[in-house]
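J.: My structure file start-v3.txt, compact mmCIF, N, CA and C atoms, is below:
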```
# COMPACT_ATOMS: atom_id res chain seq x y z
N MET A 1 -13.97 15.64 -4.12
CA MET A 1 -13.57 14.25 -4.25
C MET A 1 -12.57 13.92 -3.15
N GLN A 2 -12.82 12.83 -2.45
CA GLN A 2 -11.90 12.39 -1.40
C GLN A 2 -10.73 11.66 -2.03
N ARG A 3 -9.52 12.01 -1.57
CA ARG A 3 -8.30 11.35 -2.05
C ARG A 3 -7.77 10.46 -0.94
N VAL A 4 -7.54 9.18 -1.29
CA VAL A 4 -7.12 8.19 -0.32
C VAL A 4 -5.77 7.61 -0.75
N LEU A 5 -4.82 7.65 0.18
CA LEU A 5 -3.51 7.05 -0.03
C LEU A 5 -3.56 5.62 0.50
N VAL A 6 -3.18 4.66 -0.32
CA VAL A 6 -3.18 3.25 0.07
C VAL A 6 -1.72 2.80 0.11
N VAL A 7 -1.29 2.29 1.27
CA VAL A 7 0.07 1.81 1.45
C VAL A 7 0.02 0.30 1.65
N ALA A 8 0.60 -0.44 0.72
CA ALA A 8 0.57 -1.91 0.78
C ALA A 8 1.72 -2.46 -0.04
N ASN A 9 2.08 -3.71 0.24
CA ASN A 9 3.09 -4.38 -0.56
C ASN A 9 2.60 -5.79 -0.87
N GLU A 10 2.96 -6.78 -0.05
CA GLU A 10 2.55 -8.15 -0.36
C GLU A 10 1.04 -8.33 -0.34
N THR A 11 0.34 -7.53 0.43
CA THR A 11 -1.12 -7.65 0.51
C THR A 11 -1.84 -6.88 -0.59
N LEU A 12 -1.12 -6.19 -1.45
CA LEU A 12 -1.74 -5.29 -2.42
C LEU A 12 -2.75 -5.98 -3.33
N GLY A 13 -2.46 -7.15 -3.82
CA GLY A 13 -3.38 -7.81 -4.74
C GLY A 13 -4.38 -8.73 -4.07
N ALA A 14 -4.38 -8.78 -2.74
CA ALA A 14 -5.27 -9.68 -2.01
C ALA A 14 -6.73 -9.27 -2.21
N PRO A 15 -7.61 -10.24 -2.37
CA PRO A 15 -9.03 -9.94 -2.58
C PRO A 15 -9.62 -9.05 -1.48
N GLY A 16 -9.20 -9.23 -0.23
CA GLY A 16 -9.74 -8.41 0.85
C GLY A 16 -9.43 -6.94 0.69
N LEU A 17 -8.23 -6.61 0.26
CA LEU A 17 -7.87 -5.21 0.05
C LEU A 17 -8.56 -4.64 -1.18
N ILE A 18 -8.57 -5.39 -2.26
CA ILE A 18 -9.25 -4.93 -3.48
C ILE A 18 -10.71 -4.64 -3.17
N GLU A 19 -11.36 -5.53 -2.43
CA GLU A 19 -12.77 -5.33 -2.08
C GLU A 19 -12.96 -4.12 -1.18
N ALA A 20 -12.06 -3.90 -0.22
CA ALA A 20 -12.17 -2.73 0.66
C ALA A 20 -12.05 -1.43 -0.13
N ILE A 21 -11.15 -1.39 -1.09
CA ILE A 21 -11.00 -0.21 -1.94
C ILE A 21 -12.24 -0.03 -2.80
N ARG A 22 -12.71 -1.11 -3.41
CA ARG A 22 -13.90 -1.03 -4.26
C ARG A 22 -15.10 -0.54 -3.46
N ALA A 23 -15.28 -1.07 -2.25
CA ALA A 23 -16.42 -0.68 -1.41
C ALA A 23 -16.33 0.80 -1.03
N ARG A 24 -15.14 1.25 -0.69
CA ARG A 24 -14.99 2.67 -0.33
C ARG A 24 -15.28 3.56 -1.53
N ALA A 25 -14.83 3.14 -2.70
CA ALA A 25 -15.11 3.91 -3.92
C ALA A 25 -16.61 3.95 -4.22
N ALA A 26 -17.30 2.84 -3.99
CA ALA A 26 -18.74 2.76 -4.25
C ALA A 26 -19.54 3.62 -3.27
N ALA A 27 -18.99 3.84 -2.07
CA ALA A 27 -19.70 4.60 -1.04
C ALA A 27 -19.62 6.11 -1.27
N GLY A 28 -18.72 6.57 -2.10
CA GLY A 28 -18.59 8.00 -2.31
C GLY A 28 -17.62 8.31 -3.41
N ASP A 29 -17.47 9.58 -3.68
CA ASP A 29 -16.60 10.06 -4.74
C ASP A 29 -15.15 10.02 -4.24
N CYS A 30 -14.39 9.00 -4.66
CA CYS A 30 -13.02 8.79 -4.17
C CYS A 30 -12.05 8.54 -5.32
N ALA A 31 -10.82 8.97 -5.09
CA ALA A 31 -9.71 8.61 -5.96
C ALA A 31 -8.64 8.01 -5.05
N PHE A 32 -7.94 7.02 -5.55
CA PHE A 32 -6.96 6.29 -4.75
C PHE A 32 -5.57 6.41 -5.38
N HIS A 33 -4.58 6.52 -4.51
CA HIS A 33 -3.19 6.51 -4.95
C HIS A 33 -2.49 5.40 -4.18
N LEU A 34 -2.04 4.39 -4.91
CA LEU A 34 -1.38 3.24 -4.30
C LEU A 34 0.12 3.51 -4.19
N VAL A 35 0.67 3.30 -3.00
CA VAL A 35 2.11 3.39 -2.80
C VAL A 35 2.60 2.02 -2.38
N VAL A 36 3.53 1.49 -3.15
CA VAL A 36 4.09 0.17 -2.88
C VAL A 36 5.57 0.35 -2.52
N PRO A 37 5.90 0.23 -1.25
CA PRO A 37 7.31 0.34 -0.87
C PRO A 37 8.14 -0.78 -1.51
N ALA A 38 9.29 -0.41 -2.01
CA ALA A 38 10.18 -1.37 -2.68
C ALA A 38 11.04 -2.08 -1.63
N THR A 39 10.39 -2.82 -0.74
CA THR A 39 11.10 -3.48 0.33
C THR A 39 12.00 -4.60 -0.20
N ARG A 40 13.05 -4.87 0.56
CA ARG A 40 13.98 -5.93 0.15
C ARG A 40 13.26 -7.28 0.21
N LEU A 41 13.67 -8.16 -0.65
CA LEU A 41 13.07 -9.49 -0.69
C LEU A 41 13.82 -10.41 0.25
N ASP A 42 13.07 -11.14 1.05
CA ASP A 42 13.68 -12.05 2.01
C ASP A 42 12.93 -13.37 1.95
N PRO A 43 13.50 -14.43 1.49
CA PRO A 43 14.90 -14.56 1.09
C PRO A 43 15.14 -13.93 -0.29
N SER A 44 16.37 -13.62 -0.58
CA SER A 44 16.73 -13.05 -1.88
C SER A 44 16.46 -14.07 -2.98
N PRO A 45 15.89 -13.62 -4.08
CA PRO A 45 15.62 -14.56 -5.19
C PRO A 45 16.92 -14.98 -5.87
N GLU A 46 16.87 -16.13 -6.50
CA GLU A 46 18.04 -16.63 -7.23
C GLU A 46 18.31 -15.79 -8.47
N ASP A 47 17.24 -15.23 -9.04
CA ASP A 47 17.37 -14.40 -10.24
C ASP A 47 17.89 -13.02 -9.81
N GLU A 48 19.09 -12.66 -10.21
CA GLU A 48 19.70 -11.39 -9.81
C GLU A 48 18.98 -10.18 -10.37
N ASP A 49 18.17 -10.37 -11.42
CA ASP A 49 17.45 -9.25 -12.02
C ASP A 49 16.16 -8.92 -11.28
N VAL A 50 15.81 -9.72 -10.30
CA VAL A 50 14.59 -9.50 -9.53
C VAL A 50 14.98 -8.89 -8.19
N ASP A 51 14.42 -7.72 -7.90
CA ASP A 51 14.67 -7.08 -6.62
C ASP A 51 13.35 -6.52 -6.09
N GLY A 52 13.41 -5.86 -4.95
CA GLY A 52 12.20 -5.33 -4.33
C GLY A 52 11.46 -4.34 -5.22
N ARG A 53 12.20 -3.51 -5.93
CA ARG A 53 11.56 -2.52 -6.82
C ARG A 53 10.85 -3.22 -7.99
N THR A 54 11.47 -4.24 -8.55
CA THR A 54 10.86 -4.98 -9.66
C THR A 54 9.56 -5.64 -9.21
N VAL A 55 9.60 -6.30 -8.06
CA VAL A 55 8.41 -6.98 -7.54
C VAL A 55 7.33 -5.97 -7.20
N ALA A 56 7.71 -4.85 -6.57
CA ALA A 56 6.73 -3.81 -6.22
C ALA A 56 6.07 -3.24 -7.48
N LYS A 57 6.85 -3.01 -8.51
CA LYS A 57 6.30 -2.48 -9.77
C LYS A 57 5.30 -3.45 -10.39
N GLU A 58 5.62 -4.73 -10.34
CA GLU A 58 4.72 -5.75 -10.87
C GLU A 58 3.41 -5.79 -10.07
N ARG A 59 3.51 -5.78 -8.75
CA ARG A 59 2.31 -5.78 -7.90
C ARG A 59 1.46 -4.55 -8.16
N LEU A 60 2.11 -3.41 -8.29
CA LEU A 60 1.39 -2.17 -8.55
C LEU A 60 0.64 -2.25 -9.88
N GLY A 61 1.31 -2.72 -10.90
CA GLY A 61 0.67 -2.84 -12.22
C GLY A 61 -0.57 -3.71 -12.19
N HIS A 62 -0.48 -4.85 -11.52
CA HIS A 62 -1.63 -5.76 -11.43
C HIS A 62 -2.78 -5.12 -10.66
N ALA A 63 -2.47 -4.47 -9.54
CA ALA A 63 -3.52 -3.87 -8.71
C ALA A 63 -4.19 -2.71 -9.43
N VAL A 64 -3.41 -1.84 -10.07
CA VAL A 64 -4.00 -0.72 -10.81
C VAL A 64 -4.90 -1.24 -11.92
N ALA A 65 -4.45 -2.24 -12.64
CA ALA A 65 -5.26 -2.80 -13.73
C ALA A 65 -6.56 -3.38 -13.20
N GLU A 66 -6.49 -4.15 -12.10
CA GLU A 66 -7.70 -4.75 -11.55
C GLU A 66 -8.68 -3.70 -11.04
N LEU A 67 -8.17 -2.69 -10.33
CA LEU A 67 -9.05 -1.65 -9.80
C LEU A 67 -9.63 -0.80 -10.92
N ALA A 68 -8.85 -0.50 -11.95
CA ALA A 68 -9.37 0.25 -13.09
C ALA A 68 -10.47 -0.54 -13.78
N TRP A 69 -10.29 -1.84 -13.90
CA TRP A 69 -11.32 -2.71 -14.49
C TRP A 69 -12.61 -2.65 -13.67
N LEU A 70 -12.47 -2.48 -12.36
CA LEU A 70 -13.63 -2.35 -11.47
C LEU A 70 -14.17 -0.91 -11.45
N ARG A 71 -13.63 -0.07 -12.29
CA ARG A 71 -14.03 1.33 -12.44
C ARG A 71 -13.71 2.20 -11.22
N VAL A 72 -12.60 1.88 -10.58
CA VAL A 72 -12.10 2.67 -9.46
C VAL A 72 -11.07 3.64 -10.03
N LEU A 73 -11.17 4.92 -9.65
CA LEU A 73 -10.20 5.93 -10.08
C LEU A 73 -8.93 5.71 -9.27
N VAL A 74 -7.85 5.28 -9.94
CA VAL A 74 -6.64 4.85 -9.22
C VAL A 74 -5.38 5.18 -10.00
N GLY A 75 -4.35 5.50 -9.26
CA GLY A 75 -3.01 5.69 -9.78
C GLY A 75 -2.05 5.10 -8.76
N GLY A 76 -0.77 5.24 -9.00
CA GLY A 76 0.13 4.68 -8.01
C GLY A 76 1.59 4.89 -8.34
N GLU A 77 2.41 4.44 -7.39
CA GLU A 77 3.86 4.56 -7.54
C GLU A 77 4.56 3.53 -6.68
N VAL A 78 5.78 3.22 -7.06
CA VAL A 78 6.67 2.42 -6.23
C VAL A 78 7.45 3.42 -5.39
N GLY A 79 7.52 3.16 -4.09
CA GLY A 79 8.16 4.12 -3.19
C GLY A 79 9.40 3.59 -2.53
N ASP A 80 9.90 4.39 -1.63
CA ASP A 80 11.06 4.05 -0.81
C ASP A 80 10.83 2.71 -0.12
N PRO A 81 11.87 1.95 0.19
CA PRO A 81 11.69 0.68 0.90
C PRO A 81 10.96 0.81 2.25
N SER A 82 11.10 1.94 2.91
CA SER A 82 10.40 2.16 4.18
C SER A 82 8.97 2.60 3.91
N PRO A 83 7.97 1.91 4.46
CA PRO A 83 6.59 2.34 4.24
C PRO A 83 6.31 3.75 4.77
N ILE A 84 6.99 4.15 5.84
CA ILE A 84 6.81 5.49 6.39
C ILE A 84 7.34 6.53 5.42
N VAL A 85 8.55 6.33 4.94
CA VAL A 85 9.15 7.28 4.00
C VAL A 85 8.38 7.30 2.68
N ALA A 86 7.97 6.13 2.19
CA ALA A 86 7.21 6.06 0.93
C ALA A 86 5.91 6.86 1.04
N ALA A 87 5.18 6.69 2.14
CA ALA A 87 3.92 7.42 2.33
C ALA A 87 4.18 8.91 2.50
N ALA A 88 5.21 9.26 3.27
CA ALA A 88 5.54 10.67 3.48
C ALA A 88 5.93 11.35 2.16
N ASP A 89 6.69 10.66 1.32
CA ASP A 89 7.05 11.21 0.02
C ASP A 89 5.81 11.50 -0.82
N ALA A 90 4.87 10.56 -0.84
CA ALA A 90 3.63 10.76 -1.60
C ALA A 90 2.83 11.92 -1.03
N ALA A 91 2.78 12.03 0.30
CA ALA A 91 2.02 13.09 0.96
C ALA A 91 2.66 14.46 0.75
N ARG A 92 3.95 14.52 0.51
CA ARG A 92 4.61 15.79 0.21
C ARG A 92 4.23 16.29 -1.18
N ARG A 93 3.95 15.35 -2.09
CA ARG A 93 3.64 15.72 -3.47
C ARG A 93 2.16 16.00 -3.71
N ASP A 94 1.30 15.49 -2.83
CA ASP A 94 -0.14 15.66 -3.04
C ASP A 94 -0.84 15.68 -1.68
N THR A 95 -2.10 16.07 -1.68
CA THR A 95 -2.89 16.13 -0.46
C THR A 95 -3.84 14.94 -0.42
N TYR A 96 -3.92 14.30 0.75
CA TYR A 96 -4.81 13.15 0.93
C TYR A 96 -5.72 13.39 2.12
N ASP A 97 -6.92 12.84 2.04
CA ASP A 97 -7.90 12.96 3.11
C ASP A 97 -7.83 11.79 4.08
N ALA A 98 -7.30 10.68 3.63
CA ALA A 98 -7.24 9.47 4.46
C ALA A 98 -6.15 8.55 3.93
N VAL A 99 -5.76 7.61 4.80
CA VAL A 99 -4.77 6.60 4.42
C VAL A 99 -5.36 5.23 4.76
N MET A 100 -5.16 4.29 3.87
CA MET A 100 -5.46 2.88 4.14
C MET A 100 -4.11 2.16 4.15
N VAL A 101 -3.81 1.48 5.26
CA VAL A 101 -2.59 0.70 5.36
C VAL A 101 -2.99 -0.76 5.44
N SER A 102 -2.44 -1.56 4.56
CA SER A 102 -2.77 -2.97 4.51
C SER A 102 -1.58 -3.80 4.96
N THR A 103 -1.82 -4.66 5.97
CA THR A 103 -0.75 -5.54 6.46
C THR A 103 -1.27 -6.97 6.54
N SER A 104 -0.35 -7.86 6.70
CA SER A 104 -0.73 -9.24 7.03
C SER A 104 -1.04 -9.29 8.52
N ALA A 105 -1.35 -10.45 9.03
CA ALA A 105 -1.82 -10.62 10.40
C ALA A 105 -0.71 -10.31 11.41
N PRO A 106 -1.12 -9.89 12.63
CA PRO A 106 -0.14 -9.71 13.71
C PRO A 106 0.65 -11.01 13.92
N GLY A 107 1.91 -10.87 14.22
CA GLY A 107 2.77 -12.04 14.37
C GLY A 107 3.49 -12.37 13.08
N CYS A 108 2.90 -12.02 11.96
CA CYS A 108 3.51 -12.26 10.65
C CYS A 108 4.00 -10.96 10.01
N SER A 109 3.45 -9.85 10.44
CA SER A 109 3.67 -8.57 9.78
C SER A 109 4.86 -7.80 10.34
N ARG A 110 5.84 -7.55 9.49
CA ARG A 110 6.96 -6.68 9.88
C ARG A 110 6.48 -5.26 10.13
N TRP A 111 5.51 -4.82 9.32
CA TRP A 111 5.01 -3.45 9.45
C TRP A 111 4.32 -3.23 10.79
N LEU A 112 3.61 -4.23 11.29
CA LEU A 112 2.98 -4.08 12.60
C LEU A 112 4.03 -4.04 13.70
N LYS A 113 5.06 -4.85 13.56
CA LYS A 113 6.16 -4.83 14.54
C LYS A 113 6.83 -3.46 14.57
N MET A 114 6.83 -2.77 13.43
CA MET A 114 7.41 -1.43 13.33
C MET A 114 6.41 -0.34 13.74
N GLY A 115 5.16 -0.70 13.96
CA GLY A 115 4.14 0.28 14.33
C GLY A 115 3.73 1.20 13.20
N VAL A 116 3.75 0.71 11.97
CA VAL A 116 3.50 1.55 10.81
C VAL A 116 2.15 2.28 10.85
N PRO A 117 1.02 1.61 11.12
CA PRO A 117 -0.25 2.35 11.10
C PRO A 117 -0.27 3.54 12.07
N ARG A 118 0.17 3.33 13.31
CA ARG A 118 0.17 4.43 14.29
C ARG A 118 1.17 5.52 13.92
N ARG A 119 2.33 5.12 13.45
CA ARG A 119 3.35 6.10 13.06
C ARG A 119 2.88 6.96 11.90
N LEU A 120 2.19 6.36 10.94
CA LEU A 120 1.67 7.13 9.81
C LEU A 120 0.62 8.14 10.27
N GLU A 121 -0.24 7.71 11.16
CA GLU A 121 -1.29 8.61 11.65
C GLU A 121 -0.66 9.81 12.37
N ARG A 122 0.33 9.57 13.20
CA ARG A 122 1.00 10.66 13.91
C ARG A 122 1.75 11.57 12.94
N PHE A 123 2.43 10.99 11.97
CA PHE A 123 3.27 11.76 11.06
C PHE A 123 2.44 12.54 10.04
N LEU A 124 1.45 11.88 9.43
CA LEU A 124 0.67 12.52 8.37
C LEU A 124 -0.48 13.37 8.90
N ARG A 125 -0.92 13.08 10.11
CA ARG A 125 -2.01 13.83 10.75
C ARG A 125 -3.32 13.79 9.96
N ILE A 126 -3.59 12.63 9.38
CA ILE A 126 -4.87 12.36 8.73
C ILE A 126 -5.32 10.97 9.18
N PRO A 127 -6.62 10.68 9.07
CA PRO A 127 -7.11 9.37 9.52
C PRO A 127 -6.44 8.21 8.78
N VAL A 128 -6.08 7.18 9.54
CA VAL A 128 -5.46 5.98 8.99
C VAL A 128 -6.36 4.79 9.31
N GLU A 129 -6.75 4.09 8.28
CA GLU A 129 -7.51 2.84 8.44
C GLU A 129 -6.54 1.69 8.24
N HIS A 130 -6.47 0.81 9.24
CA HIS A 130 -5.58 -0.34 9.14
C HIS A 130 -6.40 -1.57 8.76
N LEU A 131 -6.02 -2.19 7.65
CA LEU A 131 -6.68 -3.40 7.18
C LEU A 131 -5.74 -4.58 7.37
N VAL A 132 -6.21 -5.60 8.05
CA VAL A 132 -5.43 -6.82 8.23
C VAL A 132 -5.92 -7.81 7.20
N ILE A 133 -5.02 -8.21 6.32
CA ILE A 133 -5.35 -9.15 5.25
C ILE A 133 -4.68 -10.47 5.57
N SER A 134 -5.46 -11.49 5.82
CA SER A 134 -4.88 -12.75 6.30
C SER A 134 -4.65 -13.79 5.21
N SER A 135 -4.98 -13.49 3.97
CA SER A 135 -4.86 -14.49 2.92
C SER A 135 -3.58 -14.36 2.10
N VAL A 136 -2.52 -13.87 2.72
CA VAL A 136 -1.25 -13.73 2.01
C VAL A 136 -0.14 -14.37 2.81
N PRO A 137 1.02 -14.63 2.21
CA PRO A 137 2.15 -15.18 2.96
C PRO A 137 2.64 -14.19 4.01
N THR A 138 3.58 -14.60 4.82
CA THR A 138 4.12 -13.74 5.87
C THR A 138 4.80 -12.52 5.28
N GLY A 139 4.88 -11.47 6.07
CA GLY A 139 5.52 -10.22 5.65
C GLY A 139 4.50 -9.22 5.19
N ASP A 140 4.96 -8.10 4.63
CA ASP A 140 4.10 -7.06 4.09
C ASP A 140 4.63 -6.71 2.73
```
In C-alpha cells, write the structure found in this file.

T.:
Amino acid sequence: MQRVLVVANETLGAPGLIEAIRARAAAGDCAFHLVVPATRLDPSPEDEDVDGRTVAKERLGHAVAELAWLRVLVGGEVGDPSPIVAAADAARRDTYDAVMVSTSAPGCSRWLKMGVPRRLERFLRIPVEHLVISSVPTGD
C-alpha cells in the first residue's frame, strides 16, 4: 500500500484537492495522512479563543470526514506552524512514498514564496507533487 503525506492548510477543503486525493486513491491502493500546519492567522481574529491550531484542527476534521465519506483511507494531524517542520515531524514518525503539497496560486501563496514544495523534496527525499488550488482566498 502506498502511503501519501498531504501538506495543506487553507486549501485543504478545496474541491480541487479533495478530487486529486480521491483520484489518486481510486488509481491504486493508497492511504493518506493529512498534515495541517497550525499557521498564525493574519489578520488575527477578534475572538481570542480562535488561533491557528483551532482553525487547523477544524479544517482537518472536515477534510478527514469528507474523504472518509468518499471511502478514502485517511488520517491526519495538526502540525507545527512551519509546513517544513510539520511535514518533517510526520516523516520522522512514519514512512511515506510520496508527498502532495497544496498551495494557492503563485503571487498569493506564502508557501510558494518560501519554496515549500522544492524544500520538502530536498529534505524528505521522496517525490513531491505540487497542486495549485485557485479557488481559495489568499495564503496557504

J.: Please compute the CA of Arg118 in chain A-atom N of Gly52 in chain A distance, one decimal, in Å.

T.: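 Interatomic distance, CA of Arg118 in chain A to atom N of Gly52 in chain A: 25.5 Å.
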
J.: CA of Gly107 in chain A to atom C of Leu124 in chain A: how many Å, to one decimal?

T.: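 Going from CA of Gly107 in chain A over to atom C of Leu124 in chain A covers 26.2 Å.
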
J.: Which distance in Å separates atom N of Leu34 in chain A and CA of Val6 in chain A, to one decimal?

T.: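 Atom-to-atom, atom N of Leu34 in chain A and CA of Val6 in chain A are spaced 5.2 Å apart.
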
J.: In terms of the shortest atom-to-atom distance over all atoms listed in the file, which of A:Gly61, A:Pro15, A:Pro106, A:Pro37 is closest to Val85 in chain A?

T.: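 Smallest distance to Val85 in chain A is found for A:Pro37.
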
J.: Please list as number ranges by chain every residue within 9 Å of Ala98 in chain A, counting only C-alpha atoms and excluding residues in the same chain fewer than 5 positions away.

T.: A: 2-6, 126-129

J.: Now that the selection is made, can you save its residues with N, CA and C atoms as a PDB file, in the frame of the given file?

T.:
```
ATOM      1  N   GLN A   2     -12.820  12.830  -2.450  1.00  0.00           N
ATOM      2  CA  GLN A   2     -11.900  12.390  -1.400  1.00  0.00           C
ATOM      3  C   GLN A   2     -10.730  11.660  -2.030  1.00  0.00           C
ATOM      4  N   ARG A   3      -9.520  12.010  -1.570  1.00  0.00           N
ATOM      5  CA  ARG A   3      -8.300  11.350  -2.050  1.00  0.00           C
ATOM      6  C   ARG A   3      -7.770  10.460  -0.940  1.00  0.00           C
ATOM      7  N   VAL A   4      -7.540   9.180  -1.290  1.00  0.00           N
ATOM      8  CA  VAL A   4      -7.120   8.190  -0.320  1.00  0.00           C
ATOM      9  C   VAL A   4      -5.770   7.610  -0.750  1.00  0.00           C
ATOM     10  N   LEU A   5      -4.820   7.650   0.180  1.00  0.00           N
ATOM     11  CA  LEU A   5      -3.510   7.050  -0.030  1.00  0.00           C
ATOM     12  C   LEU A   5      -3.560   5.620   0.500  1.00  0.00           C
ATOM     13  N   VAL A   6      -3.180   4.660  -0.320  1.00  0.00           N
ATOM     14  CA  VAL A   6      -3.180   3.250   0.070  1.00  0.00           C
ATOM     15  C   VAL A   6      -1.720   2.800   0.110  1.00  0.00           C
ATOM     16  N   ILE A 126      -3.590  12.630   9.380  1.00  0.00           N
ATOM     17  CA  ILE A 126      -4.870  12.360   8.730  1.00  0.00           C
ATOM     18  C   ILE A 126      -5.320  10.970   9.180  1.00  0.00           C
ATOM     19  N   PRO A 127      -6.620  10.680   9.070  1.00  0.00           N
ATOM     20  CA  PRO A 127      -7.110   9.370   9.520  1.00  0.00           C
ATOM     21  C   PRO A 127      -6.440   8.210   8.780  1.00  0.00           C
ATOM     22  N   VAL A 128      -6.080   7.180   9.540  1.00  0.00           N
ATOM     23  CA  VAL A 128      -5.460   5.980   8.990  1.00  0.00           C
ATOM     24  C   VAL A 128      -6.360   4.790   9.310  1.00  0.00           C
ATOM     25  N   GLU A 129      -6.750   4.090   8.280  1.00  0.00           N
ATOM     26  CA  GLU A 129      -7.510   2.840   8.440  1.00  0.00           C
ATOM     27  C   GLU A 129      -6.540   1.690   8.240  1.00  0.00           C
TER      28      GLU A 129
END
```

J.: Check range 27-136 of chain A with DSSP on the backbone and list each residue it calls strand (DSSP E or B), as a JSON list (two decimals) with N, CA and C atoms, keeping the file's coordinate frame.

T.:
```
[["chain", "number", "residue", "atom", "x", "y", "z"],
["A", 30, "CYS", "N", -14.39, 9.00, -4.66],
["A", 30, "CYS", "CA", -13.02, 8.79, -4.17],
["A", 30, "CYS", "C", -12.05, 8.54, -5.32],
["A", 31, "ALA", "N", -10.82, 8.97, -5.09],
["A", 31, "ALA", "CA", -9.71, 8.61, -5.96],
["A", 31, "ALA", "C", -8.64, 8.01, -5.05],
["A", 32, "PHE", "N", -7.94, 7.02, -5.55],
["A", 32, "PHE", "CA", -6.96, 6.29, -4.75],
["A", 32, "PHE", "C", -5.57, 6.41, -5.38],
["A", 33, "HIS", "N", -4.58, 6.52, -4.51],
["A", 33, "HIS", "CA", -3.19, 6.51, -4.95],
["A", 33, "HIS", "C", -2.49, 5.40, -4.18],
["A", 34, "LEU", "N", -2.04, 4.39, -4.91],
["A", 34, "LEU", "CA", -1.38, 3.24, -4.30],
["A", 34, "LEU", "C", 0.12, 3.51, -4.19],
["A", 35, "VAL", "N", 0.67, 3.30, -3.00],
["A", 35, "VAL", "CA", 2.11, 3.39, -2.80],
["A", 35, "VAL", "C", 2.60, 2.02, -2.38],
["A", 36, "VAL", "N", 3.53, 1.49, -3.15],
["A", 36, "VAL", "CA", 4.09, 0.17, -2.88],
["A", 36, "VAL", "C", 5.57, 0.35, -2.52],
["A", 37, "PRO", "N", 5.90, 0.23, -1.25],
["A", 37, "PRO", "CA", 7.31, 0.34, -0.87],
["A", 37, "PRO", "C", 8.14, -0.78, -1.51],
["A", 73, "LEU", "N", -11.17, 4.92, -9.65],
["A", 73, "LEU", "CA", -10.20, 5.93, -10.08],
["A", 73, "LEU", "C", -8.93, 5.71, -9.27],
["A", 74, "VAL", "N", -7.85, 5.28, -9.94],
["A", 74, "VAL", "CA", -6.64, 4.85, -9.22],
["A", 74, "VAL", "C", -5.38, 5.18, -10.00],
["A", 75, "GLY", "N", -4.35, 5.50, -9.26],
["A", 75, "GLY", "CA", -3.01, 5.69, -9.78],
["A", 75, "GLY", "C", -2.05, 5.10, -8.76],
["A", 76, "GLY", "N", -0.77, 5.24, -9.00],
["A", 76, "GLY", "CA", 0.13, 4.68, -8.01],
["A", 76, "GLY", "C", 1.59, 4.89, -8.34],
["A", 77, "GLU", "N", 2.41, 4.44, -7.39],
["A", 77, "GLU", "CA", 3.86, 4.56, -7.54],
["A", 77, "GLU", "C", 4.56, 3.53, -6.68],
["A", 78, "VAL", "N", 5.78, 3.22, -7.06],
["A", 78, "VAL", "CA", 6.67, 2.42, -6.23],
["A", 78, "VAL", "C", 7.45, 3.42, -5.39],
["A", 79, "GLY", "N", 7.52, 3.16, -4.09],
["A", 79, "GLY", "CA", 8.16, 4.12, -3.19],
["A", 79, "GLY", "C", 9.40, 3.59, -2.53],
["A", 98, "ALA", "N", -7.30, 10.68, 3.63],
["A", 98, "ALA", "CA", -7.24, 9.47, 4.46],
["A", 98, "ALA", "C", -6.15, 8.55, 3.93],
["A", 99, "VAL", "N", -5.76, 7.61, 4.80],
["A", 99, "VAL", "CA", -4.77, 6.60, 4.42],
["A", 99, "VAL", "C", -5.36, 5.23, 4.76],
["A", 100, "MET", "N", -5.16, 4.29, 3.87],
["A", 100, "MET", "CA", -5.46, 2.88, 4.14],
["A", 100, "MET", "C", -4.11, 2.16, 4.15],
["A", 101, "VAL", "N", -3.81, 1.48, 5.26],
["A", 101, "VAL", "CA", -2.59, 0.70, 5.36],
["A", 101, "VAL", "C", -2.99, -0.76, 5.44],
["A", 102, "SER", "N", -2.44, -1.56, 4.56],
["A", 102, "SER", "CA", -2.77, -2.97, 4.51],
["A", 102, "SER", "C", -1.58, -3.80, 4.96],
["A", 103, "THR", "N", -1.82, -4.66, 5.97],
["A", 103, "THR", "CA", -0.75, -5.54, 6.46],
["A", 103, "THR", "C", -1.27, -6.97, 6.54],
["A", 128, "VAL", "N", -6.08, 7.18, 9.54],
["A", 128, "VAL", "CA", -5.46, 5.98, 8.99],
["A", 128, "VAL", "C", -6.36, 4.79, 9.31],
["A", 129, "GLU", "N", -6.75, 4.09, 8.28],
["A", 129, "GLU", "CA", -7.51, 2.84, 8.44],
["A", 129, "GLU", "C", -6.54, 1.69, 8.24],
["A", 130, "HIS", "N", -6.47, 0.81, 9.24],
["A", 130, "HIS", "CA", -5.58, -0.34, 9.14],
["A", 130, "HIS", "C", -6.40, -1.57, 8.76],
["A", 131, "LEU", "N", -6.02, -2.19, 7.65],
["A", 131, "LEU", "CA", -6.68, -3.40, 7.18],
["A", 131, "LEU", "C", -5.74, -4.58, 7.37],
["A", 132, "VAL", "N", -6.21, -5.60, 8.05],
["A", 132, "VAL", "CA", -5.43, -6.82, 8.23],
["A", 132, "VAL", "C", -5.92, -7.81, 7.20]]
```

J.: Can you list, as a PyMOL selection string, every protein, DNA or RNA residue that comes within 9 Å of His130 in chain A when you count only C-alpha atoms, leaving out same-chain residues fewer than 6 positions away?

T.: chain A and resi 99-103+117

J.: List as a ChimeraX atom specification the protein and nucleic acid residues near range 70-82 of chain A, meaning an atom at most 7 Å away when only N, CA and C atoms are counted, but skip any in the same chain fewer than 5 places from it.

T.: /A:22,25,30-40,53,56-57,60,64-65,87

J.: Every residue with an atom at most 8 Å from (2.8, -6.2, 7.9) (file coordinates; all atoms listed in the file) is what I'm after, so could you write them as a ChimeraX atom specification?

T.: /A:10-11,102-114,138-140
